[in-house]
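Undergrad: Data file final33.cif (mmCIF, C-alpha atoms and all ligand atoms) is appended below.
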```
data_structure
#
loop_
_atom_site.label_atom_id
_atom_site.label_comp_id
_atom_site.auth_asym_id
_atom_site.auth_seq_id
_atom_site.Cartn_x
_atom_site.Cartn_y
_atom_site.Cartn_z
CA MET A 1 0.00 0.00 0.00
CA HIS A 2 1.30 3.45 -0.79
CA THR A 3 0.46 6.61 1.15
CA CYS A 4 2.21 9.89 0.69
CA THR A 5 2.97 10.51 4.36
CA HIS A 6 4.49 7.06 4.41
CA CYS A 7 6.97 8.28 1.79
CA LEU A 8 8.65 10.60 4.19
CA HIS A 9 10.19 9.25 7.33
CA ALA A 10 11.20 5.65 7.87
CA MET A 11 13.11 5.33 11.12
CA LEU A 12 15.10 2.26 10.23
CA LEU A 13 17.14 2.42 13.38
CA LYS A 14 14.08 1.98 15.52
CA ILE A 15 12.88 -0.88 13.40
CA HIS A 16 16.25 -2.62 13.28
CA PRO A 17 18.15 -1.54 16.42
CA LYS A 18 20.69 -4.36 16.12
CA ASN A 19 21.23 -3.98 12.42
CA ILE A 20 24.85 -4.23 11.29
CA PHE A 21 24.32 -0.87 9.63
CA ARG A 22 24.20 0.65 13.09
CA LYS A 23 27.98 0.41 13.47
CA THR A 24 28.54 2.22 10.18
CA LEU A 25 26.04 4.83 11.24
CA GLU A 26 27.82 5.37 14.55
CA GLU A 27 31.14 5.84 12.75
CA TYR A 28 29.51 8.25 10.35
CA ALA A 29 27.97 10.17 13.25
CA GLN A 30 31.38 10.52 14.90
CA THR A 31 32.77 12.03 11.71
CA VAL A 32 29.81 14.33 11.33
CA LYS A 33 30.36 15.52 14.91
CA ILE A 34 33.76 16.80 13.83
CA ALA A 35 32.21 18.50 10.81
CA HIS A 36 29.54 19.87 13.10
CA ASP A 37 32.05 21.53 15.42
CA GLU A 38 33.79 23.06 12.40
CA VAL A 39 30.53 24.47 11.06
CA VAL A 40 29.58 25.94 14.41
CA ARG A 41 33.07 27.36 14.83
CA ALA A 42 32.92 28.86 11.37
CA THR A 43 29.97 30.86 12.50
CA ALA A 44 32.38 32.43 15.03
CA LEU A 45 29.63 34.18 16.95
CA LEU A 46 28.47 30.84 18.28
CA LEU A 47 31.89 29.67 19.35
CA MET A 48 31.09 29.91 23.04
CA ASP A 49 28.14 27.64 22.62
CA THR A 50 29.48 24.62 20.76
CA GLU A 51 29.16 22.50 23.86
CA ARG A 52 25.44 23.02 23.93
CA ILE A 53 24.69 21.44 20.57
CA ARG A 54 25.29 17.82 21.32
CA LYS A 55 22.26 15.71 20.45
CA LEU A 56 22.39 13.77 17.19
CA ARG A 57 19.24 12.29 15.70
CA PRO A 58 19.48 10.24 12.51
CA GLU A 59 16.58 10.01 10.14
CA PHE A 60 16.21 8.01 6.98
CA ASN A 61 13.94 9.17 4.22
CA TYR A 62 12.60 6.93 1.53
CA TYR A 63 10.60 8.41 -1.31
CA PRO A 64 8.98 5.78 -3.49
CA THR A 65 7.89 6.67 -6.99
CA CYS A 66 4.98 8.88 -6.17
CA PRO A 67 1.73 9.13 -8.10
CA ASP A 68 0.73 12.38 -6.41
CA ALA A 69 3.75 14.65 -6.49
CA ASP A 70 1.86 17.82 -5.62
CA ILE A 71 0.57 16.44 -2.34
CA VAL A 72 3.98 15.26 -1.21
CA ARG A 73 5.60 18.53 -2.19
CA GLN A 74 3.16 20.46 0.03
CA VAL A 75 3.57 18.04 2.93
CA SER A 76 7.32 18.19 2.90
CA ARG A 77 7.88 21.97 2.82
CA HIS A 78 9.52 22.83 6.16
CA ALA A 79 12.56 24.24 7.93
CA ASP A 80 14.51 21.99 10.28
CA VAL A 81 13.94 22.38 14.01
CA SER A 82 17.50 21.27 14.71
CA ALA A 83 20.43 23.58 15.36
CA VAL A 84 22.32 22.20 12.35
CA SER A 85 21.37 19.41 9.93
CA PHE A 86 23.75 17.29 7.89
CA LEU A 87 22.16 15.68 4.85
CA LEU A 88 23.41 12.88 2.68
CA ILE A 89 21.24 13.16 -0.39
CA ASP A 90 20.55 10.59 -3.07
CA ARG A 91 23.42 10.10 -5.53
CA GLU A 92 21.17 10.08 -8.59
CA VAL A 93 17.82 11.70 -8.03
CA GLU A 94 18.03 15.47 -7.69
CA ALA A 95 14.95 16.45 -5.71
CA LEU A 96 15.87 18.67 -2.77
CA GLU A 97 14.89 22.32 -3.17
CA VAL A 98 15.61 25.31 -0.94
CA LEU A 99 13.55 28.49 -0.74
CA LYS A 100 15.41 31.78 -1.16
CA ASP A 101 13.78 35.13 -1.90
CA ASP A 102 10.47 33.35 -2.59
CA GLN A 103 12.07 31.15 -5.23
CA TRP A 104 12.76 27.43 -5.07
CA PHE A 105 16.30 26.38 -6.01
CA LYS A 106 17.40 22.80 -6.70
CA VAL A 107 20.27 21.59 -4.52
CA PRO A 108 22.75 20.02 -6.97
CA ILE A 109 24.13 16.55 -6.36
CA ILE A 110 27.86 16.78 -5.65
CA PRO A 111 29.48 13.35 -5.21
CA HIS A 112 30.47 12.66 -1.57
CA ALA A 113 29.32 16.10 -0.45
CA ILE A 114 27.22 16.63 2.64
CA VAL A 115 24.52 19.29 2.56
CA VAL A 116 24.63 21.44 5.70
CA LEU A 117 21.46 23.27 6.69
CA VAL A 118 21.15 25.86 9.42
CA GLY A 119 18.20 24.90 11.61
CA ASP A 120 15.72 27.00 13.58
CA GLN A 121 17.69 26.78 16.82
CA ILE A 122 20.75 28.44 15.29
CA GLU A 123 18.45 31.08 13.82
CA MET A 124 17.23 31.74 17.39
CA MET A 125 20.71 31.66 18.97
CA SER A 126 22.14 33.97 16.34
CA ASN A 127 19.21 36.33 16.90
CA GLY A 128 18.26 36.01 13.26
CA ILE A 129 21.71 36.66 11.77
CA LEU A 130 21.71 33.12 10.34
CA LYS A 131 18.45 31.97 8.79
CA SER A 132 16.99 28.49 8.78
CA PRO A 133 15.89 27.94 5.18
CA GLU A 134 12.65 26.30 4.18
CA HIS A 135 13.20 23.31 1.94
CA ARG A 136 11.22 20.54 0.34
CA VAL A 137 11.66 17.42 -1.70
CA LYS A 138 10.05 17.33 -5.08
CA PRO A 139 9.63 13.63 -5.68
CA ASP A 140 10.43 11.98 -8.96
CA LEU A 141 7.53 10.18 -10.57
CA GLU A 142 9.76 7.50 -12.05
CA LYS A 143 12.66 7.00 -9.69
CA GLU A 144 12.68 6.25 -5.98
CA ARG A 145 15.00 8.25 -3.79
CA ILE A 146 16.68 7.95 -0.40
CA SER A 147 18.38 10.40 1.88
CA MET A 148 19.77 10.45 5.36
CA ALA A 149 19.74 13.34 7.78
CA LEU A 150 21.62 13.83 11.03
CA PHE A 151 19.95 16.50 13.10
CA CYS A 152 22.14 18.16 15.75
CA SER A 153 20.39 19.92 18.60
CA PRO A 154 21.03 21.02 22.17
CA ASP A 155 19.64 18.83 24.95
CA LEU A 156 15.91 19.27 25.34
CA GLU A 157 16.21 20.71 28.84
CA LYS A 158 18.56 23.50 27.66
CA GLU A 159 17.04 26.94 27.19
CA VAL A 160 17.60 28.09 23.63
CA GLY A 161 17.36 31.72 22.67
CA PRO A 162 19.40 34.65 21.35
CA LEU A 163 22.91 34.62 22.75
CA LYS A 164 23.51 37.43 25.23
CA ALA A 165 26.46 38.72 23.22
CA LEU A 166 24.15 39.31 20.29
CA VAL A 167 21.53 41.30 22.15
CA THR A 168 22.22 45.00 22.61
CA GLU A 169 20.19 48.18 22.93
CA ASP A 170 20.31 48.63 19.18
CA GLN A 171 19.73 44.94 18.53
CA PRO A 172 16.90 43.70 20.76
CA PRO A 173 16.09 39.98 20.96
CA PHE A 174 13.95 38.88 18.03
CA TYR A 175 13.12 35.51 19.63
CA THR A 176 12.01 34.34 23.04
CA THR A 177 13.88 31.51 24.73
CA ALA A 178 12.41 28.02 24.64
CA LYS A 179 13.09 24.61 26.11
CA SER A 180 12.34 21.48 24.08
CA TYR A 181 12.00 23.55 20.94
CA ILE A 182 11.78 20.49 18.71
CA ASN A 183 8.51 19.55 20.39
CA LEU A 184 6.92 22.58 18.75
CA PHE A 185 7.38 20.92 15.38
CA GLU A 186 4.45 18.45 15.37
CA ARG A 187 1.98 20.98 16.68
CA HIS A 188 2.79 23.56 14.01
CA TYR A 189 3.80 21.44 11.06
CA THR A 190 0.39 19.75 10.82
CA LYS A 191 -1.19 23.20 10.66
CA GLY A 192 1.25 24.33 7.98
CA ILE A 193 2.81 26.94 10.30
CA ARG A 194 6.54 27.25 10.90
CA PRO A 195 7.32 26.54 14.57
CA ILE A 196 9.74 29.46 14.65
CA THR A 197 6.77 31.84 14.38
CA ALA A 198 5.84 30.71 17.93
CA VAL A 199 9.09 32.08 19.36
CA LYS A 200 9.42 35.22 17.24
CA ILE A 201 8.90 38.46 19.18
O1 LIG A 301 15.38 14.08 1.65
C1 LIG A 301 15.96 15.16 1.66
O2 LIG A 301 16.80 15.49 0.82
C2 LIG A 301 15.63 16.19 2.73
C3 LIG A 301 14.97 15.62 3.94
C4 LIG A 301 14.67 16.67 4.95
O3 LIG A 301 14.57 17.82 4.67
C5 LIG A 301 14.49 16.29 6.36
O4 LIG A 301 14.53 15.09 6.68
O5 LIG A 301 14.31 17.19 7.20
FE FE A 302 14.57 19.10 6.44
#
```
Mind turning this structure into structure tokens?

TA:
Amino acid sequence: MHTCTHCLHAMLLKIHPKNIFRKTLEEYAQTVKIAHDEVVRATALLLMDTERIRKLRPEFNYYPTCPDADIVRQVSRHADVSAVSFLLIDREVEALEVLKDDQWFKVPIIPHAIVVLVGDQIEMMSNGILKSPEHRVKPDLEKERISMALFCSPDLEKEVGPLKALVTEDQPPFYTTAKSYINLFERHYTKGIRPITAVKI
């Protein structure tokens, strides 16, 4: 049976916790952690906070050939609720698109490259200096596609909000602080609202 929501998120790790693939995934996650620290460091302003972004959540996406591309495209438009996301996209099927200035741009496939996306929590911490882009997957009608995301976030109990160093008299906070920010996702996503609107001042 095919349903479009079913296309999106298959959590293989949960289904196969002892799978041999788990070891490979753990090694990959260790490597991505190094890349993660580099990315956060490269955003200099966040240097003091690298320790806070420590949670890694893998997610596997499988997109079967889809008879109703328009529905899936609408369902999948979102920004990530992570701090930073690392995406391994399909080697053959170009389908990821990012919204910039109200225009959708295809993300090109570059062999062995990892796509790095700023998530909502970095947008909040940077007080809006870095933006979390909306993106979507435009499924291919003829070819199935897979991708794998590693979402990096602070611990749920950590308060996330604009860093003090980035809030001044001239630059007030544009976001409130929030704990468990990722929990806002379900509530808003189903209504088609970006969760970040809930923390914008
Ligand atoms: O499949 C992709 O290329 C992107 C998936 C995605 O945006 C996500 O899992 O948050
Ligand atoms: Fe995403």

Undergrad: Out of A:Phe151, A:Phe185, A:Phe105, A:Phe86, which residue has the shortest atom-to-atom distance to Arg54 in chain A when counting all atoms listed in the file?

TA: A:Phe151

Undergrad: Set out as a tab-separated table a contact list for chain A and ligand LIG 301 (chain A) with a cut-off of 7 Å, giving each residue of chain A that qualifies its closest atom pair and distance in Å to one decimal, counting all atoms listed in the file, ordered by chain and rising residue number.

TA:
```
residue	atom	partner	partner_atom	distance
A:Glu59	CA	A:LIG301	O4	6.5
A:Asn61	CA	A:LIG301	O1	5.7
A:Asp80	CA	A:LIG301	O5	5.7
A:Leu87	CA	A:LIG301	O2	6.7
A:Ile89	CA	A:LIG301	O2	5.2
A:Ala95	CA	A:LIG301	O2	6.9
A:Leu96	CA	A:LIG301	O2	4.9
A:His135	CA	A:LIG301	O3	6.3
A:Arg136	CA	A:LIG301	O3	6.1
A:Val137	CA	A:LIG301	C1	5.9
A:Ile146	CA	A:LIG301	O1	6.6
A:Ser147	CA	A:LIG301	O1	4.8
A:Met148	CA	A:LIG301	O1	6.8
A:Ala149	CA	A:LIG301	O4	5.6
```

Undergrad: Residues at most 8 Å from Lys55 in chain A, counting all atoms listed in the file, excluding those fewer than 4 positions away in the same chain, as a VMD selection string?

TA: chain A and resid 151 to 155

Undergrad: Which residue, A:Pro195, A:Gly119, A:Pro111, A:Pro162, has the smallest gap to Pro133 in chain A when you use only C-alpha atoms?

TA: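 So, comparing all the options, the nearest one is A:Gly119.
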
Undergrad: Pick the closest to ligand FE 302 (chain A) from A:Lys100, A:His78, A:Arg41, A:Lys138: which is it, counting all atoms listed in the file?

TA: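 Closest candidate: A:His78.
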
Undergrad: Please list as a list in words every residue within 12 Å of Pro172 in chain A, counting only C-alpha atoms and excluding residues in the same chain fewer than 2 positions away.

TA: Ser126, Asn127, Gly128, Pro162, Leu163, Lys164, Ala165, Leu166, Val167, Thr168, Glu169, Asp170, Phe174, Tyr175, Thr176, Lys200 and Ile201 of chain A

Undergrad: Please produce an output containing C-alpha atoms for each residue in the selection, written as a tab-separated table (two decimals), keeping the file's coordinate frame.

TA:
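The resulting again_25.tsv:
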```tsv
chain	number	residue	atom	x	y	z
A	126	SER	CA	22.14	33.97	16.34
A	127	ASN	CA	19.21	36.33	16.90
A	128	GLY	CA	18.26	36.01	13.26
A	162	PRO	CA	19.40	34.65	21.35
A	163	LEU	CA	22.91	34.62	22.75
A	164	LYS	CA	23.51	37.43	25.23
A	165	ALA	CA	26.46	38.72	23.22
A	166	LEU	CA	24.15	39.31	20.29
A	167	VAL	CA	21.53	41.30	22.15
A	168	THR	CA	22.22	45.00	22.61
A	169	GLU	CA	20.19	48.18	22.93
A	170	ASP	CA	20.31	48.63	19.18
A	174	PHE	CA	13.95	38.88	18.03
A	175	TYR	CA	13.12	35.51	19.63
A	176	THR	CA	12.01	34.34	23.04
A	200	LYS	CA	9.42	35.22	17.24
A	201	ILE	CA	8.90	38.46	19.18
```

Undergrad: Determine the nearest neighbour of ligand FE 302 (chain A) from the options A:Leu99, A:Val32, A:Ile109, A:Leu25, counting all atoms listed in the file.

TA: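 Closest candidate: A:Leu99.
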
Undergrad: So for range 78-83 of chain A, what box centre and size do we get, axis-aligned, 8 Å extra on each of the six sides, every listed atom, Å to one decimal, as lines of an AutoDock Vina configuration file?

TA:
```
center_x = 15.0
center_y = 22.8
center_z = 10.8
size_x = 26.9
size_y = 19.0
size_z = 25.2
```

Undergrad: Between CA of Ala178 in chain A and CA of Val118 in chain A, what is the spacing in Å?

TA: 17.7 Å

Undergrad: For the atom pair CA of Ala42 in chain A and CA of Asp120 in chain A, what is the interatomic distance in Å to one decimal place?

TA: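 We find that CA of Ala42 in chain A and CA of Asp120 in chain A lie 17.4 Å from each other.
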
Undergrad: At what distance in Å, to one decimal, does CA of Ser85 in chain A lie from CA of Leu150 in chain A?

TA: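 These two atoms are separated by 5.7 Å.
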
Undergrad: When distances are computed from all atoms listed in the file, which of A:His112, A:Arg77, A:Lys106, A:Lys131 shows the smallest separation from ligand FE 302 (chain A)?

TA: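 Residue with the minimum atom-to-atom distance to ligand FE 302 (chain A): A:Arg77.
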
Undergrad: Of the candidates A:Val39, A:Leu156, A:Ala113, A:Val98, which shows the shortest atom-to-atom distance to ligand FE 302 (chain A), using all atoms listed in the file?

TA: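 The answer is A:Val98, which sits nearest to ligand FE 302 (chain A).
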
Undergrad: For range 100-115 of chain A, which lacks atoms in the input, supply N, CA, C and O atoms and format the output as a PDB file, in the coordinates of the input.

TA:
```pdb
ATOM      1  N   LYS A 100      14.633  30.550  -1.402  1.00  0.00           N
ATOM      2  CA  LYS A 100      15.410  31.780  -1.160  1.00  0.00           C
ATOM      3  C   LYS A 100      14.732  32.897  -1.938  1.00  0.00           C
ATOM      4  O   LYS A 100      14.445  32.720  -3.133  1.00  0.00           O
ATOM      5  N   ASP A 101      14.462  33.990  -1.262  1.00  0.00           N
ATOM      6  CA  ASP A 101      13.780  35.130  -1.900  1.00  0.00           C
ATOM      7  C   ASP A 101      12.523  34.662  -2.661  1.00  0.00           C
ATOM      8  O   ASP A 101      12.328  35.027  -3.830  1.00  0.00           O
ATOM      9  N   ASP A 102      11.732  33.852  -2.014  1.00  0.00           N
ATOM     10  CA  ASP A 102      10.470  33.350  -2.590  1.00  0.00           C
ATOM     11  C   ASP A 102      10.652  32.511  -3.849  1.00  0.00           C
ATOM     12  O   ASP A 102       9.717  32.348  -4.626  1.00  0.00           O
ATOM     13  N   GLN A 103      11.835  32.023  -4.059  1.00  0.00           N
ATOM     14  CA  GLN A 103      12.070  31.150  -5.230  1.00  0.00           C
ATOM     15  C   GLN A 103      12.653  29.833  -4.780  1.00  0.00           C
ATOM     16  O   GLN A 103      13.501  29.801  -3.884  1.00  0.00           O
ATOM     17  N   TRP A 104      12.213  28.749  -5.407  1.00  0.00           N
ATOM     18  CA  TRP A 104      12.760  27.430  -5.070  1.00  0.00           C
ATOM     19  C   TRP A 104      13.978  27.133  -5.937  1.00  0.00           C
ATOM     20  O   TRP A 104      13.926  27.292  -7.159  1.00  0.00           O
ATOM     21  N   PHE A 105      15.067  26.737  -5.296  1.00  0.00           N
ATOM     22  CA  PHE A 105      16.300  26.380  -6.010  1.00  0.00           C
ATOM     23  C   PHE A 105      16.627  24.916  -5.755  1.00  0.00           C
ATOM     24  O   PHE A 105      16.580  24.460  -4.610  1.00  0.00           O
ATOM     25  N   LYS A 106      16.989  24.209  -6.841  1.00  0.00           N
ATOM     26  CA  LYS A 106      17.400  22.800  -6.700  1.00  0.00           C
ATOM     27  C   LYS A 106      18.769  22.726  -6.035  1.00  0.00           C
ATOM     28  O   LYS A 106      19.667  23.511  -6.369  1.00  0.00           O
ATOM     29  N   VAL A 107      18.944  21.816  -5.098  1.00  0.00           N
ATOM     30  CA  VAL A 107      20.270  21.590  -4.520  1.00  0.00           C
ATOM     31  C   VAL A 107      20.976  20.567  -5.414  1.00  0.00           C
ATOM     32  O   VAL A 107      20.491  19.444  -5.571  1.00  0.00           O
ATOM     33  N   PRO A 108      22.085  20.945  -6.045  1.00  0.00           N
ATOM     34  CA  PRO A 108      22.750  20.020  -6.970  1.00  0.00           C
ATOM     35  C   PRO A 108      23.375  18.835  -6.240  1.00  0.00           C
ATOM     36  O   PRO A 108      23.768  18.955  -5.082  1.00  0.00           O
ATOM     37  N   ILE A 109      23.460  17.713  -6.939  1.00  0.00           N
ATOM     38  CA  ILE A 109      24.130  16.550  -6.360  1.00  0.00           C
ATOM     39  C   ILE A 109      25.632  16.710  -6.605  1.00  0.00           C
ATOM     40  O   ILE A 109      26.070  16.833  -7.747  1.00  0.00           O
ATOM     41  N   ILE A 110      26.394  16.730  -5.527  1.00  0.00           N
ATOM     42  CA  ILE A 110      27.860  16.780  -5.650  1.00  0.00           C
ATOM     43  C   ILE A 110      28.371  15.504  -4.996  1.00  0.00           C
ATOM     44  O   ILE A 110      28.102  15.279  -3.808  1.00  0.00           O
ATOM     45  N   PRO A 111      29.060  14.631  -5.772  1.00  0.00           N
ATOM     46  CA  PRO A 111      29.480  13.350  -5.210  1.00  0.00           C
ATOM     47  C   PRO A 111      30.225  13.504  -3.891  1.00  0.00           C
ATOM     48  O   PRO A 111      31.101  14.364  -3.770  1.00  0.00           O
ATOM     49  N   HIS A 112      29.858  12.726  -2.903  1.00  0.00           N
ATOM     50  CA  HIS A 112      30.470  12.660  -1.570  1.00  0.00           C
ATOM     51  C   HIS A 112      30.290  13.931  -0.735  1.00  0.00           C
ATOM     52  O   HIS A 112      30.857  14.041   0.345  1.00  0.00           O
ATOM     53  N   ALA A 113      29.518  14.866  -1.241  1.00  0.00           N
ATOM     54  CA  ALA A 113      29.320  16.100  -0.450  1.00  0.00           C
ATOM     55  C   ALA A 113      28.181  15.905   0.543  1.00  0.00           C
ATOM     56  O   ALA A 113      27.271  15.115   0.320  1.00  0.00           O
ATOM     57  N   ILE A 114      28.290  16.622   1.645  1.00  0.00           N
ATOM     58  CA  ILE A 114      27.220  16.630   2.640  1.00  0.00           C
ATOM     59  C   ILE A 114      26.565  18.003   2.597  1.00  0.00           C
ATOM     60  O   ILE A 114      27.246  19.029   2.558  1.00  0.00           O
ATOM     61  N   VAL A 115      25.245  18.014   2.561  1.00  0.00           N
ATOM     62  CA  VAL A 115      24.520  19.290   2.560  1.00  0.00           C
ATOM     63  C   VAL A 115      24.338  19.723   4.019  1.00  0.00           C
ATOM     64  O   VAL A 115      23.857  18.949   4.843  1.00  0.00           O
TER      65      VAL A 115
END
```
